[in-house]
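A.B. asks: To be precise about what I am sending: the file is called target-v5.cif and holds mmCIF, C-alpha atoms and all ligand atoms.
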data_coords
#
loop_
_atom_site.label_atom_id
_atom_site.label_comp_id
_atom_site.auth_asym_id
_atom_site.auth_seq_id
_atom_site.Cartn_x
_atom_site.Cartn_y
_atom_site.Cartn_z
CA MET A 1 0.00 0.00 0.00
CA LYS A 2 1.24 3.44 -0.83
CA PHE A 3 2.33 5.75 1.98
CA SER A 4 -0.15 8.45 0.98
CA MET A 5 -3.01 6.04 1.59
CA LYS A 6 -1.71 5.26 5.07
CA VAL A 7 -1.46 8.94 5.92
CA LEU A 8 -5.01 9.59 4.75
CA VAL A 9 -6.34 6.70 6.78
CA MET A 10 -4.48 7.81 9.89
CA LEU A 11 -5.86 11.31 9.55
CA THR A 12 -9.36 9.99 9.09
CA ALA A 13 -8.94 7.79 12.15
CA ALA A 14 -7.72 10.71 14.22
CA MET A 15 -10.65 12.85 13.13
CA PHE A 16 -13.20 10.23 14.01
CA LEU A 17 -11.81 10.06 17.50
CA THR A 18 -11.56 13.79 18.08
CA SER A 19 -14.23 14.70 20.54
CA GLY A 20 -15.42 17.58 22.67
CA LEU A 21 -18.36 19.90 22.83
CA ALA A 22 -18.16 23.01 20.73
CA ILE A 23 -20.40 25.34 18.83
CA ALA A 24 -19.98 24.91 15.08
CA GLY A 25 -18.22 27.61 13.06
CA PRO A 26 -19.64 29.32 9.96
CA GLU A 27 -19.73 26.12 7.95
CA LYS A 28 -21.60 25.76 4.71
CA ASP A 29 -24.20 22.99 5.16
CA PRO A 30 -21.91 20.23 6.52
CA LEU A 31 -24.54 17.56 5.81
CA LYS A 32 -24.30 18.05 2.05
CA ALA A 33 -21.84 15.79 0.19
CA ARG A 34 -18.61 17.40 -1.00
CA VAL A 35 -17.13 14.80 -3.34
CA PRO A 36 -18.37 15.61 -6.88
CA ALA A 37 -21.34 13.40 -7.88
CA ASP A 38 -19.47 11.56 -10.64
CA LYS A 39 -16.67 10.54 -8.24
CA ARG A 40 -18.71 9.88 -5.09
CA ALA A 41 -19.68 6.22 -5.55
CA LYS A 42 -16.06 5.21 -6.10
CA ALA A 43 -14.84 7.34 -3.17
CA LYS A 44 -17.40 5.76 -0.83
CA LYS A 45 -16.01 2.30 -1.56
CA ASN A 46 -12.55 3.28 -0.36
CA LYS A 47 -12.25 1.57 3.02
CA SER A 48 -9.72 1.71 5.84
CA PRO A 49 -7.16 -1.11 5.78
CA TYR A 50 -6.76 -0.82 9.58
CA GLY A 51 -10.10 -2.25 10.59
CA LYS A 52 -13.72 -2.33 9.57
CA LYS A 53 -13.99 1.32 10.47
CA SER A 54 -11.42 3.99 11.22
CA LYS A 55 -12.54 3.99 14.83
CA ASP A 56 -11.19 0.43 15.08
CA ALA A 57 -7.67 1.66 14.29
CA SER A 58 -4.94 0.92 16.84
CA PRO A 59 -3.80 3.59 19.34
CA GLU A 60 -0.48 3.81 17.46
CA VAL A 61 -2.18 4.61 14.16
CA ILE A 62 -4.39 7.20 15.83
CA ALA A 63 -1.42 8.82 17.57
CA GLU A 64 0.43 9.04 14.27
CA GLY A 65 -2.60 10.63 12.61
CA LYS A 66 -2.88 13.16 15.41
CA ALA A 67 0.79 14.07 15.05
CA ILE A 68 0.28 14.77 11.34
CA PHE A 69 -2.92 16.70 12.08
CA ALA A 70 -1.08 18.99 14.49
CA GLY A 71 2.23 18.95 12.63
CA LYS A 72 3.23 18.78 9.01
CA GLY A 73 -0.34 18.33 7.80
CA THR A 74 -1.13 21.84 9.17
CA CYS A 75 -4.78 20.74 9.61
CA VAL A 76 -4.79 22.18 13.14
CA ASN A 77 -4.37 25.73 11.82
CA CYS A 78 -7.85 25.69 10.33
CA HIS A 79 -9.68 22.82 12.03
CA GLY A 80 -8.35 23.70 15.51
CA PRO A 81 -6.66 21.61 18.23
CA LEU A 82 -10.00 20.02 19.17
CA GLY A 83 -11.03 19.45 15.56
CA ASP A 84 -14.04 21.69 16.09
CA GLY A 85 -13.25 24.00 13.17
CA LYS A 86 -12.03 26.81 15.38
CA GLY A 87 -8.42 27.06 14.26
CA LYS A 88 -6.89 30.53 14.05
CA ALA A 89 -6.37 30.47 10.28
CA GLY A 90 -9.84 29.00 9.79
CA ALA A 91 -11.48 32.02 11.44
CA VAL A 92 -11.04 34.11 8.30
CA LEU A 93 -12.37 31.46 5.90
CA ASN A 94 -15.79 31.48 4.29
CA PRO A 95 -17.11 28.81 4.31
CA GLY A 96 -15.58 27.87 7.62
CA PRO A 97 -13.60 24.69 8.26
CA ARG A 98 -15.44 21.49 9.10
CA ASP A 99 -16.30 20.78 12.72
CA PHE A 100 -15.24 17.15 13.17
CA THR A 101 -17.06 16.92 16.52
CA ASN A 102 -20.41 17.11 14.71
CA CYS A 103 -21.83 13.57 14.83
CA LYS A 104 -24.55 14.42 12.30
CA PHE A 105 -21.83 15.24 9.78
CA HIS A 106 -20.03 11.91 10.34
CA LYS A 107 -23.26 9.96 9.91
CA LYS A 108 -23.68 11.51 6.46
CA ARG A 109 -20.16 10.65 5.27
CA LYS A 110 -18.27 7.49 4.43
CA GLU A 111 -14.64 7.64 5.45
CA GLY A 112 -13.66 7.19 1.80
CA GLU A 113 -15.36 10.52 1.07
CA LEU A 114 -13.31 12.23 3.77
CA MET A 115 -10.15 10.71 2.37
CA TRP A 116 -11.07 11.93 -1.11
CA ILE A 117 -11.47 15.51 0.14
CA ILE A 118 -8.24 15.39 2.15
CA LYS A 119 -6.43 14.32 -1.01
CA ASN A 120 -8.24 16.45 -3.60
CA GLY A 121 -9.63 19.37 -1.63
CA SER A 122 -13.16 20.82 -1.63
CA VAL A 123 -13.55 23.01 -4.71
CA GLY A 124 -14.10 26.71 -4.06
CA THR A 125 -13.15 26.56 -0.37
CA GLY A 126 -10.07 26.95 1.83
CA MET A 127 -9.87 23.16 2.00
CA VAL A 128 -7.13 22.79 -0.56
CA PRO A 129 -5.63 19.43 -1.59
CA THR A 130 -3.29 18.55 1.27
CA TYR A 131 -1.66 15.35 0.07
CA SER A 132 -0.58 14.61 -3.47
CA SER A 133 -0.47 11.00 -4.63
CA ASN A 134 3.33 10.89 -4.61
CA HIS A 135 3.67 11.60 -0.87
C1 LIG B 201 -6.39 26.50 5.10
C2 LIG B 201 -7.37 25.91 5.99
C3 LIG B 201 -7.49 24.39 6.03
C4 LIG B 201 -6.49 23.47 6.25
C5 LIG B 201 -5.00 23.74 6.46
C6 LIG B 201 -7.13 22.18 6.25
N1 LIG B 201 -8.48 22.32 6.05
FE1 LIG B 201 -9.85 20.79 5.99
N2 LIG B 201 -11.32 22.14 5.58
C7 LIG B 201 -11.16 23.51 5.49
C8 LIG B 201 -12.43 24.10 5.10
C9 LIG B 201 -12.69 25.58 4.88
C10 LIG B 201 -13.35 23.04 4.96
C11 LIG B 201 -14.83 23.13 4.54
C12 LIG B 201 -14.94 22.89 3.05
C13 LIG B 201 -16.38 22.84 2.56
O1 LIG B 201 -17.27 23.39 3.22
O2 LIG B 201 -16.61 22.25 1.49
C14 LIG B 201 -12.63 21.82 5.28
C15 LIG B 201 -13.19 20.55 5.26
C16 LIG B 201 -12.54 19.40 5.59
C17 LIG B 201 -13.14 18.09 5.63
C18 LIG B 201 -14.61 17.78 5.36
C19 LIG B 201 -14.88 17.17 4.02
C20 LIG B 201 -16.35 16.91 3.82
O3 LIG B 201 -16.69 15.88 3.23
O4 LIG B 201 -17.19 17.71 4.23
C21 LIG B 201 -12.16 17.21 6.01
C22 LIG B 201 -12.32 15.72 6.20
C23 LIG B 201 -10.95 17.96 6.21
N3 LIG B 201 -11.20 19.29 5.94
C24 LIG B 201 -9.75 17.42 6.63
C25 LIG B 201 -8.55 18.15 6.70
C26 LIG B 201 -7.28 17.53 7.04
C27 LIG B 201 -7.06 16.09 7.43
C28 LIG B 201 -6.34 18.54 6.96
C29 LIG B 201 -4.85 18.42 7.14
C30 LIG B 201 -4.16 17.40 6.34
C31 LIG B 201 -7.05 19.76 6.60
N4 LIG B 201 -8.38 19.47 6.46
C32 LIG B 201 -6.44 21.00 6.45
C33 LIG B 201 -9.98 24.22 5.71
C34 LIG B 201 -8.74 23.65 5.92
#
Rewrite the structure from the file as structure tokens, please.
C.D. replies:
Amino acid sequence: MKFSMKVLVMLTAAMFLTSGLAIAGPEKDPLKARVPADKRAKAKKNKSPYGKKSKDASPEVIAEGKAIFAGKGTCVNCHGPLGDGKGKAGAVLNPGPRDFTNCKFHKKRKEGELMWIIKNGSVGTGMVPTYSSNH
């Protein structure tokens, strides 16, 4: 398996486990799908190799994902240390960064969709592609 795939899965695992109560930022309808319609079915089929679901990932994998989230991935700048979308850089963005503590949002998304957005970005927003395929 390619390294990029591992990184994406670790990040997804870390996000699923991020918890805490927070008021959502100025997000644009987080329940609406972000992966373009013609790519969505394929993205949804992309499953975690670490377990049936990302939340089954080992503590080591989750710790590694968190380190990337707060470190070289720079995710923390926009999504905030708690993953609630309240990062300092995210405050100036419109639409605002996703609040990963929103359970309703997670219920609407397959982890493969999250991985697709992490890799390709969400068009027209501050969520730019963060990992190219040759990472
Ligand atoms: C420059 C600010 C910024 C950075 C850095 C950033 N994001 Fe985002 N992110 C956003 C914004 C803004 C959105 C909301 C996009 C939208 O509404 O379509 C978002 C949305 C998302 C989503 C939700 C996708 C969906 O289906 O709704 C995921 C997952 C995500 N980001 C993961 C990450 C990860 C992981 C990193 C680090 C590798 C990261 N982001 C770095 C700004 C950022």
A.B. asks: Hey, which residues sit close to ligand LIG 201 (chain B)? Say within 7 Å, counting all atoms listed in the file, and write them as number ranges by chain.
C.D. replies: A: 11-12, 27-28, 30, 33-35, 69, 73-79, 89-90, 93-98, 109, 113-115, 117-118, 122-123, 125-128, 130
A.B. asks: Go through A:Val92, A:Lys66, A:Asn46, A:Gly112 one by one, measure the shortest atom-to-atom distance of each to A:Met15 using all atoms listed in the file, and give the residue with the smallest value.
C.D. replies: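 Using all atoms listed in the file, A:Met15 sits closest to A:Lys66.
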A.B. asks: Using the file's own x, y and z axes, what box holds all listed atoms of stretch 61-65 of chain A with 5 Å on each side, keeping edges along x, y and z, and what are its centre and edge lengths in Å to one decimal, as JSON?
C.D. replies:
{"center_x": -2.0, "center_y": 7.6, "center_z": 15.1, "size_x": 14.8, "size_y": 16.0, "size_z": 15.0}
A.B. asks: Need to verify the contact set: A:Lys108, 7 Å, all atoms listed in the file, exclusion of same-chain residues closer than 3 positions in sequence. Can you return it as a list in words?
C.D. replies: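 The filter keeps Leu31, Lys104 and Phe105 of chain A.
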A.B. asks: Take the residues that were just selected and, keeping C-alpha atoms, output them as a PDB file, in the coordinates of the input.
C.D. replies:
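Output file part.pdb is given in full below:
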ATOM      1  CA  LEU A  31     -24.540  17.560   5.810  1.00  0.00           C
ATOM      2  CA  LYS A 104     -24.550  14.420  12.300  1.00  0.00           C
ATOM      3  CA  PHE A 105     -21.830  15.240   9.780  1.00  0.00           C
TER       4      PHE A 105
END
A.B. asks: If you measure from atom CA of A:Lys107 to atom CA of A:Val7, what distance in Å do you get, rounded to one decimal?
C.D. replies: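 About the pair atom CA of A:Lys107 and atom CA of A:Val7: they are 22.2 Å apart.
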A.B. asks: Any idea what's packed within 6 Å of stretch 53-55 of chain A, counting all atoms listed in the file, ignoring anything in its chain fewer than 2 positions away? Could you give it as a PyMOL selection string?
C.D. replies: chain A and resi 13+51+57
A.B. asks: Write out, as a compact mmCIF listing (two decimals), in the frame of the given file, the residues just selected, with C-alpha atoms.
C.D. replies:
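Saved to selection-v9.txt:
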# COMPACT_ATOMS: atom_id res chain seq x y z
CA ALA A 13 -8.94 7.79 12.15
CA GLY A 51 -10.10 -2.25 10.59
CA ALA A 57 -7.67 1.66 14.29
